[in-house]
Every structure is written in structure tokens, then in C-alpha cells.
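Everything below belongs to upload.txt, which stores compact mmCIF, C-alpha atoms.
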```txt
# COMPACT_ATOMS: atom_id res chain seq x y z
CA MET A 1 66.96 108.50 92.50
CA GLU A 2 69.87 106.77 90.77
CA CYS A 3 72.39 104.83 92.82
CA PRO A 4 75.83 105.53 91.35
CA LEU A 5 78.57 103.02 92.06
CA VAL A 6 80.74 103.82 95.08
CA SER A 7 84.20 102.26 95.35
CA VAL A 8 85.45 101.56 98.85
CA VAL A 9 89.18 101.03 98.45
CA ILE A 10 91.37 99.48 101.13
CA PRO A 11 95.19 99.52 101.09
CA ALA A 12 95.82 96.50 103.32
CA TYR A 13 98.94 95.56 105.27
CA ASN A 14 99.35 92.64 107.69
CA ARG A 15 96.14 93.17 109.71
CA PRO A 16 93.70 90.41 108.71
CA GLY A 17 91.70 90.65 111.95
CA THR A 18 90.83 94.32 111.81
CA LEU A 19 90.57 94.19 108.01
CA GLN A 20 87.78 91.64 108.29
CA THR A 21 85.81 93.92 110.63
CA ALA A 22 86.47 96.86 108.31
CA ILE A 23 85.08 94.89 105.36
CA ASP A 24 82.08 93.82 107.44
CA SER A 25 81.27 97.47 108.09
CA VAL A 26 81.13 98.05 104.34
CA LEU A 27 79.03 94.96 103.64
CA LYS A 28 76.50 96.25 106.21
CA GLN A 29 76.06 99.62 104.48
CA THR A 30 72.49 100.67 103.80
CA TYR A 31 73.58 102.05 100.43
CA PRO A 32 73.12 99.27 97.84
CA ASN A 33 75.67 99.90 95.09
CA ILE A 34 79.20 99.46 96.46
CA GLU A 35 82.30 97.66 95.21
CA ILE A 36 85.14 96.85 97.60
CA ILE A 37 88.69 96.86 96.28
CA ILE A 38 91.52 95.55 98.44
CA CYS A 39 95.15 95.93 97.41
CA ASP A 40 97.27 93.84 99.74
CA ASP A 41 100.79 95.06 100.50
CA SER A 42 101.34 92.48 103.25
CA SER A 43 104.64 90.76 103.92
CA ASN A 44 102.85 87.46 104.65
CA THR A 45 99.77 85.53 103.50
CA GLY A 46 97.54 86.26 106.51
CA VAL A 47 95.29 88.70 104.67
CA GLN A 48 95.11 86.50 101.59
CA GLU A 49 94.00 83.49 103.63
CA MET A 50 91.36 85.56 105.43
CA MET A 51 90.07 86.87 102.11
CA ASP A 52 89.54 83.50 100.38
CA PRO A 53 86.10 82.66 101.87
CA LEU A 54 84.92 86.26 101.48
CA LEU A 55 85.77 86.25 97.78
CA ARG A 56 83.73 83.09 97.27
CA THR A 57 80.71 84.67 98.99
CA PHE A 58 80.72 88.33 97.94
CA PRO A 59 81.19 89.05 94.22
CA GLN A 60 81.37 92.80 94.90
CA ILE A 61 84.78 92.31 96.53
CA ARG A 62 87.91 92.42 94.35
CA TYR A 63 91.24 91.45 95.90
CA TYR A 64 94.78 91.99 94.60
CA LYS A 65 97.96 90.68 96.26
CA ASN A 66 100.97 92.77 95.33
CA ASP A 67 104.10 90.97 94.16
CA ARG A 68 106.22 93.46 96.07
CA ASN A 69 105.65 96.15 98.68
CA LEU A 70 104.30 99.22 96.90
CA PHE A 71 103.86 101.53 99.93
CA LEU A 72 102.44 104.82 98.59
CA GLU A 73 101.99 103.33 95.13
CA ASN A 74 99.48 100.93 96.70
CA TRP A 75 97.19 103.90 97.33
CA HIS A 76 97.48 104.83 93.66
CA LYS A 77 96.77 101.25 92.62
CA CYS A 78 93.57 101.24 94.68
CA PHE A 79 92.44 104.45 93.00
CA ASP A 80 93.25 103.23 89.49
CA LEU A 81 91.36 99.95 89.97
CA ALA A 82 88.24 101.68 91.28
CA THR A 83 85.41 101.79 88.73
CA GLY A 84 82.93 103.77 90.84
CA GLU A 85 81.91 107.36 90.29
CA TYR A 86 82.69 107.97 93.97
CA ILE A 87 85.59 106.79 96.11
CA ASN A 88 86.00 106.32 99.85
CA TYR A 89 89.31 105.03 101.16
CA LEU A 90 89.09 102.81 104.23
CA MET A 91 92.05 102.11 106.48
CA ASP A 92 92.29 98.40 107.29
CA ASP A 93 91.73 98.99 111.01
CA ASP A 94 88.94 101.58 110.83
CA LEU A 95 85.17 101.16 110.52
CA PHE A 96 82.22 102.75 108.73
CA HIS A 97 78.92 103.65 110.36
CA ARG A 98 76.29 101.60 108.49
CA GLU A 99 74.75 104.73 106.95
CA LYS A 100 78.02 106.48 106.08
CA ILE A 101 77.87 106.17 102.31
CA ALA A 102 74.13 106.90 102.05
CA LYS A 103 74.30 109.99 104.25
CA MET A 104 77.37 111.40 102.50
CA LEU A 105 76.12 110.71 98.99
CA TYR A 106 72.94 112.65 99.81
CA PHE A 107 74.90 115.91 99.70
CA TYR A 108 76.38 115.21 96.28
CA GLN A 109 72.91 114.45 94.94
CA ASN A 110 71.15 117.44 96.50
CA PHE A 111 73.73 120.26 96.55
CA GLU A 112 75.76 121.82 93.75
CA ASP A 113 79.54 122.09 93.51
CA VAL A 114 80.32 119.78 96.44
CA THR A 115 83.78 118.24 96.09
CA LEU A 116 84.41 116.85 99.60
CA VAL A 117 82.13 115.36 102.26
CA THR A 118 83.55 114.53 105.67
CA SER A 119 82.17 114.00 109.16
CA TYR A 120 83.00 113.76 112.80
CA ARG A 121 84.99 110.57 113.39
CA GLN A 122 84.69 108.66 116.63
CA THR A 123 87.86 107.29 118.20
CA ILE A 124 87.81 103.65 119.31
CA ASN A 125 90.36 101.41 121.03
CA GLU A 126 91.82 98.11 119.84
CA ASN A 127 88.67 96.31 121.02
CA GLY A 128 86.34 98.65 119.14
CA GLU A 129 85.20 100.43 122.32
CA ILE A 130 84.53 104.16 122.17
CA ILE A 131 87.26 106.31 123.77
CA PRO A 132 87.60 110.09 124.28
CA PRO A 133 88.63 112.10 121.22
CA LEU A 134 92.16 113.19 120.48
CA TYR A 135 92.85 116.91 120.10
CA ALA A 136 92.71 116.55 116.31
CA THR A 137 89.49 114.49 116.29
CA LYS A 138 87.31 116.74 118.43
CA LYS A 139 84.03 117.73 116.79
CA LEU A 140 84.60 120.67 114.47
CA TYR A 141 80.97 121.88 114.54
CA GLU A 142 77.91 120.83 116.52
CA GLU A 143 75.72 120.97 113.41
CA THR A 144 76.13 119.83 109.81
CA ARG A 145 77.50 122.55 107.55
CA VAL A 146 77.97 123.16 103.85
CA MET A 147 80.76 125.67 103.33
CA ASP A 148 83.25 127.04 100.86
CA GLY A 149 86.06 124.55 100.36
CA LYS A 150 88.83 127.11 100.64
CA MET A 151 87.35 128.37 103.90
CA LEU A 152 87.58 124.90 105.45
CA GLY A 153 91.08 124.47 104.06
CA ASN A 154 92.13 127.78 105.59
CA ILE A 155 90.82 126.71 109.00
CA VAL A 156 92.85 123.50 108.85
CA LEU A 157 96.01 125.23 107.63
CA SER A 158 95.71 128.08 110.13
CA ARG A 159 95.39 125.67 113.05
CA CYS A 160 98.14 123.39 111.74
CA LEU A 161 95.83 120.43 112.32
CA ASN A 162 94.06 117.99 110.00
CA MET A 163 90.55 118.29 111.36
CA ILE A 164 89.01 116.99 108.11
CA GLY A 165 90.09 113.49 109.00
CA GLU A 166 92.01 110.44 107.95
CA PRO A 167 91.42 108.71 104.57
CA THR A 168 88.50 106.74 106.04
CA THR A 169 86.45 109.86 106.71
CA VAL A 170 86.01 111.43 103.25
CA LEU A 171 83.80 110.51 100.29
CA PHE A 172 84.68 112.20 97.00
CA LYS A 173 84.07 111.99 93.26
CA LYS A 174 86.83 110.13 91.48
CA ALA A 175 86.85 112.67 88.64
CA ASP A 176 87.46 115.55 91.08
CA LEU A 177 90.81 114.23 92.33
CA THR A 178 93.02 115.39 89.48
CA GLU A 179 96.34 114.30 91.03
CA LYS A 180 97.20 110.90 92.45
CA PHE A 181 96.17 110.33 96.06
CA GLY A 182 98.64 112.11 98.32
CA VAL A 183 100.04 114.29 95.53
CA TYR A 184 99.49 118.03 95.83
CA GLN A 185 100.85 120.61 93.43
CA GLY A 186 103.10 117.92 91.97
CA LYS A 187 104.64 116.73 95.27
CA GLN A 188 103.94 113.32 96.78
CA TYR A 189 103.28 113.55 100.51
CA SER A 190 103.69 110.54 102.79
CA LEU A 191 102.33 111.15 106.29
CA LEU A 192 100.13 114.01 105.07
CA ASN A 193 98.89 112.18 102.00
CA ASP A 194 95.27 112.53 103.11
CA LEU A 195 95.50 116.28 103.72
CA ALA A 196 97.27 116.73 100.38
CA SER A 197 94.29 115.21 98.58
CA TRP A 198 91.74 117.05 100.72
CA LEU A 199 93.30 120.38 99.71
CA ASN A 200 93.22 119.30 96.08
CA LEU A 201 89.48 118.66 96.40
CA LEU A 202 88.71 121.72 98.54
CA SER A 203 90.29 124.01 95.96
CA LYS A 204 87.58 123.03 93.45
CA GLY A 205 84.28 123.51 95.28
CA LYS A 206 82.26 123.24 98.47
CA ALA A 207 82.82 121.07 101.52
CA VAL A 208 80.31 119.36 103.77
CA TYR A 209 80.98 118.62 107.42
CA ILE A 210 78.49 116.19 108.98
CA ALA A 211 78.39 116.50 112.78
CA GLU A 212 77.35 112.85 113.23
CA ALA A 213 80.05 110.19 113.70
CA LEU A 214 80.04 108.31 110.39
CA SER A 215 83.41 106.61 110.78
CA PHE A 216 85.42 105.09 113.60
CA PHE A 217 89.15 105.77 113.92
CA ARG A 218 91.00 103.02 115.78
CA ILE A 219 93.78 103.94 118.20
CA HIS A 220 96.22 101.16 119.10
CA PRO A 221 97.85 100.88 122.55
CA ASN A 222 101.41 101.17 121.21
CA GLN A 223 100.57 103.97 118.81
CA ASN A 224 102.48 107.14 119.72
CA ASN A 225 100.35 109.86 118.17
CA GLN A 226 102.55 112.61 119.54
CA THR A 227 105.62 111.19 117.81
CA LEU A 228 103.67 110.51 114.63
CA GLY A 229 102.34 114.07 114.63
CA LEU A 230 105.82 115.51 115.05
CA THR A 231 107.10 113.42 112.13
CA ALA A 232 104.19 114.54 109.96
CA PHE A 233 105.22 118.12 110.66
CA SER A 234 108.26 117.56 108.45
CA GLU A 235 105.83 117.89 105.52
CA TRP A 236 103.56 120.58 106.92
CA LEU A 237 105.50 123.68 105.87
CA ASP A 238 105.72 122.50 102.26
CA ILE A 239 101.98 121.93 102.14
CA VAL A 240 101.24 125.37 103.63
CA ILE A 241 103.39 127.09 101.01
CA ALA A 242 101.93 124.97 98.20
CA SER A 243 98.39 125.76 99.35
CA ARG A 244 99.07 129.50 99.10
CA GLU A 245 100.01 128.96 95.46
CA ASN A 246 96.72 127.08 94.98
CA GLY A 247 94.46 129.86 96.24
CA PHE A 248 94.35 129.09 99.95
CA LEU A 249 95.63 131.54 102.61
CA ALA A 250 95.12 134.32 100.05
CA SER A 251 95.45 137.23 102.47
CA ASP A 252 98.83 137.93 104.03
CA GLY A 253 97.26 137.92 107.49
CA VAL A 254 95.80 134.43 107.15
CA TYR A 255 99.05 133.17 105.59
CA LYS A 256 101.06 134.59 108.49
CA SER A 257 98.65 132.94 110.94
CA ALA A 258 99.27 129.53 109.34
CA LEU A 259 103.04 130.03 109.33
CA LEU A 260 103.10 131.18 112.96
CA SER A 261 100.90 128.27 114.03
CA TYR A 262 103.44 125.87 112.54
CA TYR A 263 106.30 127.92 114.01
CA GLU A 264 104.89 127.63 117.53
CA ARG A 265 104.63 123.86 117.19
CA VAL A 266 108.25 123.32 116.10
CA LYS A 267 110.26 126.16 117.68
CA GLY A 268 113.05 124.99 119.94
CA LYS A 269 113.27 121.61 118.18
CA PRO A 270 116.67 121.22 116.47
CA ALA A 271 115.23 118.94 113.77
CA PHE A 272 113.17 121.87 112.47
CA THR A 273 115.89 124.54 112.41
CA ALA A 274 115.79 124.81 108.62
CA ASP A 275 111.99 125.18 108.64
CA ILE A 276 112.15 127.87 111.34
CA GLN A 277 114.68 129.84 109.32
CA ARG A 278 112.55 129.43 106.21
CA ILE A 279 109.50 130.79 108.01
CA GLU A 280 111.45 133.76 109.30
CA ARG A 281 112.53 134.63 105.76
CA ILE A 282 108.93 134.39 104.47
CA LEU A 283 107.65 136.57 107.32
CA GLN A 284 110.30 139.20 106.60
CA THR A 285 109.14 139.26 102.97
CA LEU A 286 105.49 139.63 104.00
CA ASP A 287 106.34 142.45 106.40
CA GLY A 288 108.26 144.24 103.66
```
Now that the file is in, can you turn its structure into C-alpha cells?
Amino acid sequence: MECPLVSVVIPAYNRPGTLQTAIDSVLKQTYPNIEIIICDDSSNTGVQEMMDPLLRTFPQIRYYKNDRNLFLENWHKCFDLATGEYINYLMDDDLFHREKIAKMLYFYQNFEDVTLVTSYRQTINENGEIIPPLYATKKLYEETRVMDGKMLGNIVLSRCLNMIGEPTTVLFKKADLTEKFGVYQGKQYSLLNDLASWLNLLSKGKAVYIAEALSFFRIHPNQNNQTLGLTAFSEWLDIVIASRENGFLASDGVYKSALLSYYERVKGKPAFTADIQRIERILQTLDG
């Protein structure tokens, strides 16, 4: 069977230590045809200095130091520089299981109309030790499943929770992502940039969920996931409404479920007063 080129793209920022272990996890992949593209948005030269010996040793690695901080544009730069048929983003502090690419690519090569392959992701601490899952990272299914993409999208939207995973978790065909990474229905999302692209892909075909942990999501000691999640909610209502226009949440009942799930998470929080009022207006329209 042919071995199409897979691009592992890494938007790097000021974490040379964990970036090196992330790169090592790609170099150890059992799948043979991988290029690694690193676009460095760092404010110092730490990553560049770490990369120098790697670039002399591994010709499959391409490294680019940005002249200025690109932020979200750095994700787009990674995508544009990728020459592979398939793309897998990798956060600079996460890790791949050594068989991640091979096991995910299997589904593209043996099933029709697959546009997104994800898996269970194992949480690890700053030392790389396995830790209990977060609420959002709990195993979605106990067995591997191939399912309709819109069905998986509806589950995520109805629960108001990105259970598909962070950028590290998903392998997709470059040609299938028809908007820039993080752009959905013409809007650029920041903290929900991964979910925005997952919905783009899920709208086009089937999804695969692999029950095995094929990536490792690093949690840092000073990382406040509760605060981060609350901030990400500032984009959630827009993405729910946009998804309805893209064929998700097609029935009024499922749409209401997604809106009410979001409503329950933000009610009583003054920062979300405008969103709460917006939801109430939509619900009144749905109820006639």
C-alpha cells in the first residue's frame, strides 16, 4: 500500500524543552513518510538554538523563525507550508503515541468518505507522567467507532464540550479543510480554533473515534483550565449558531439542547449577559 506524505506541523512558542520531546515523538513514529514543519513564534532564540543540531541530523524537519509574532497567523503559515496529503497539528508540549499516524491513516485508506480521525487522548503532567483525565478528556467510547460526522458534531455541540480533542489529536486530509485553520463559516476563532476546524471537516463526511490513547495532552501546574474554559465560552455561542447554518443541529430539539447546555454553563455570570439574552430571543423564536 502506498505511503502518502503526512505533514506534522508545530506552531512553536518559547518551549524548547517540551518541543524537543514533541519532535522526538514524531521521529519515533512507525509510519515512514512524515515531514515535520515548525513555525517558531518565540520571543527569544531558545527554540532556534535547540533546533540547530536537529536540522543538521534530520532532513525531514523544516524550521522557520518568524520575524514578528504571528499568533493565529502562525497556524495558517504552518498549514500553507505543509506539502503532505495529510496534516496533523502538534502542540509544542504534547506527544504522539509511536503508532498514531499509522493507526489513523489506516482508516483513510480502508474506509470511504472519512474526513476526520481522532482518538482518546491521555492527560500527562509536566514530567510526562500519566494523570487522571479532565472532564473534557474522558473516553468518549470504549470501542473504536466510525460514524457520521454531523452526528459527532451534534454530540459535541449539545454537550457544550470539545470531546474531539485539541489540535494534536486529529489527522485530516489537507484538501478537506477548505477554510484556514480556526476559521469556520468565515469567522476566525481563537480559543476554539480547533473545534472550528473540526466542524468544518465533520460537515463533509464521516468521523472515526479510536478508543486507544494515541496522543498525550500535557497539563501544566499553573494552568487554570476552569478559567481557560470560561474564556473559551465567549466564542461558543457564535460557533453553535454558525454550525446550525452549516447543517448541524438540524432539528429544533437538538438545537435547543445545545443552546440550553451553553445557557446552563454561563447563567448568572455578568460577563455573559448579552449571550443569555441572545439565547432567550432564539428560544422564543423556536417556540413560536
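The nearest approach to Tyr141 of chain A among the residues A:Ser119, A:Ser215, A:Gln284, A:Ser25, with all atoms listed in the file taken into account, belongs to A:Ser119.
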Next on the checklist: For segment 32-38 of chain A, find every residue with an atom within 7 Å (counting all atoms listed in the file), except residues of its own chain fewer than 3 positions away, and show them as a list in words.
Outcome noted: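 Here the answer would be Cys3, Pro4, Leu5, Val6, Ser7, Val8, Val9, Ile10, Pro11, Ala12, Gln60, Ile61, Arg62, Tyr63, Tyr64, Cys78 and Ala82 of chain A.
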Checklist entry - Which is closest to Trp236 of chain A among A:Lys77, A:Ala258, A:Phe111, A:Gly165, if we use all atoms listed in the file? => result A:Ala258
Next on the checklist: Please report the interatomic distance between atom CA of Glu212 of chain A and atom CA of Lys100 of chain A in Å with one decimal.
Outcome noted: 9.6 Å
Checklist entry - How many Å lie between atom CA of Tyr184 of chain A and atom CA of Ser158 of chain A, rounded to one decimal? => result 17.9 Å
Item to check | Gap from atom CA of Asp275 of chain A to atom CA of Gly247 of chain A - Å, one decimal | outcome: 22.0 Å
Next on the checklist: Would you pick out the contacts of Leu161 of chain A at 10 Å or less, using only C-alpha atoms, so that residues sharing its chain but fewer than 6 positions from it are not included, and give the list as a ChimeraX atom specification?
Outcome noted: /A:135-137,155,195,229,233,236,261-262
Next on the checklist: Here is a test: counting only C-alpha atoms, which residue of A:Asn162, A:Ser197, A:Asn66, A:Thr178 is nearest to Leu116 of chain A?
Outcome noted: A:Ser197
Checklist entry - What lies within 8 Å of Ser203 of chain A using all atoms listed in the file, ignoring chain neighbours under 3 positions off, as a PyMOL selection string? => result chain A and resi 149-150+199-200+246-248
Restricted to C-alpha atoms, what would the selected residues look like written as an mmCIF file, in the coordinates of the input?
```
data_model
loop_
_atom_site.group_PDB
_atom_site.id
_atom_site.type_symbol
_atom_site.label_atom_id
_atom_site.label_comp_id
_atom_site.auth_asym_id
_atom_site.auth_seq_id
_atom_site.Cartn_x
_atom_site.Cartn_y
_atom_site.Cartn_z
ATOM 1 C CA GLY A 149 86.060 124.550 100.360
ATOM 2 C CA LYS A 150 88.830 127.110 100.640
ATOM 3 C CA LEU A 199 93.300 120.380 99.710
ATOM 4 C CA ASN A 200 93.220 119.300 96.080
ATOM 5 C CA ASN A 246 96.720 127.080 94.980
ATOM 6 C CA GLY A 247 94.460 129.860 96.240
ATOM 7 C CA PHE A 248 94.350 129.090 99.950
#
```
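Of the listed residues A:Arg15, A:Lys173, A:Arg68, A:Lys103, the one whose atoms come nearest to Tyr89 of chain A is A:Lys173, with distances taken using only C-alpha atoms.
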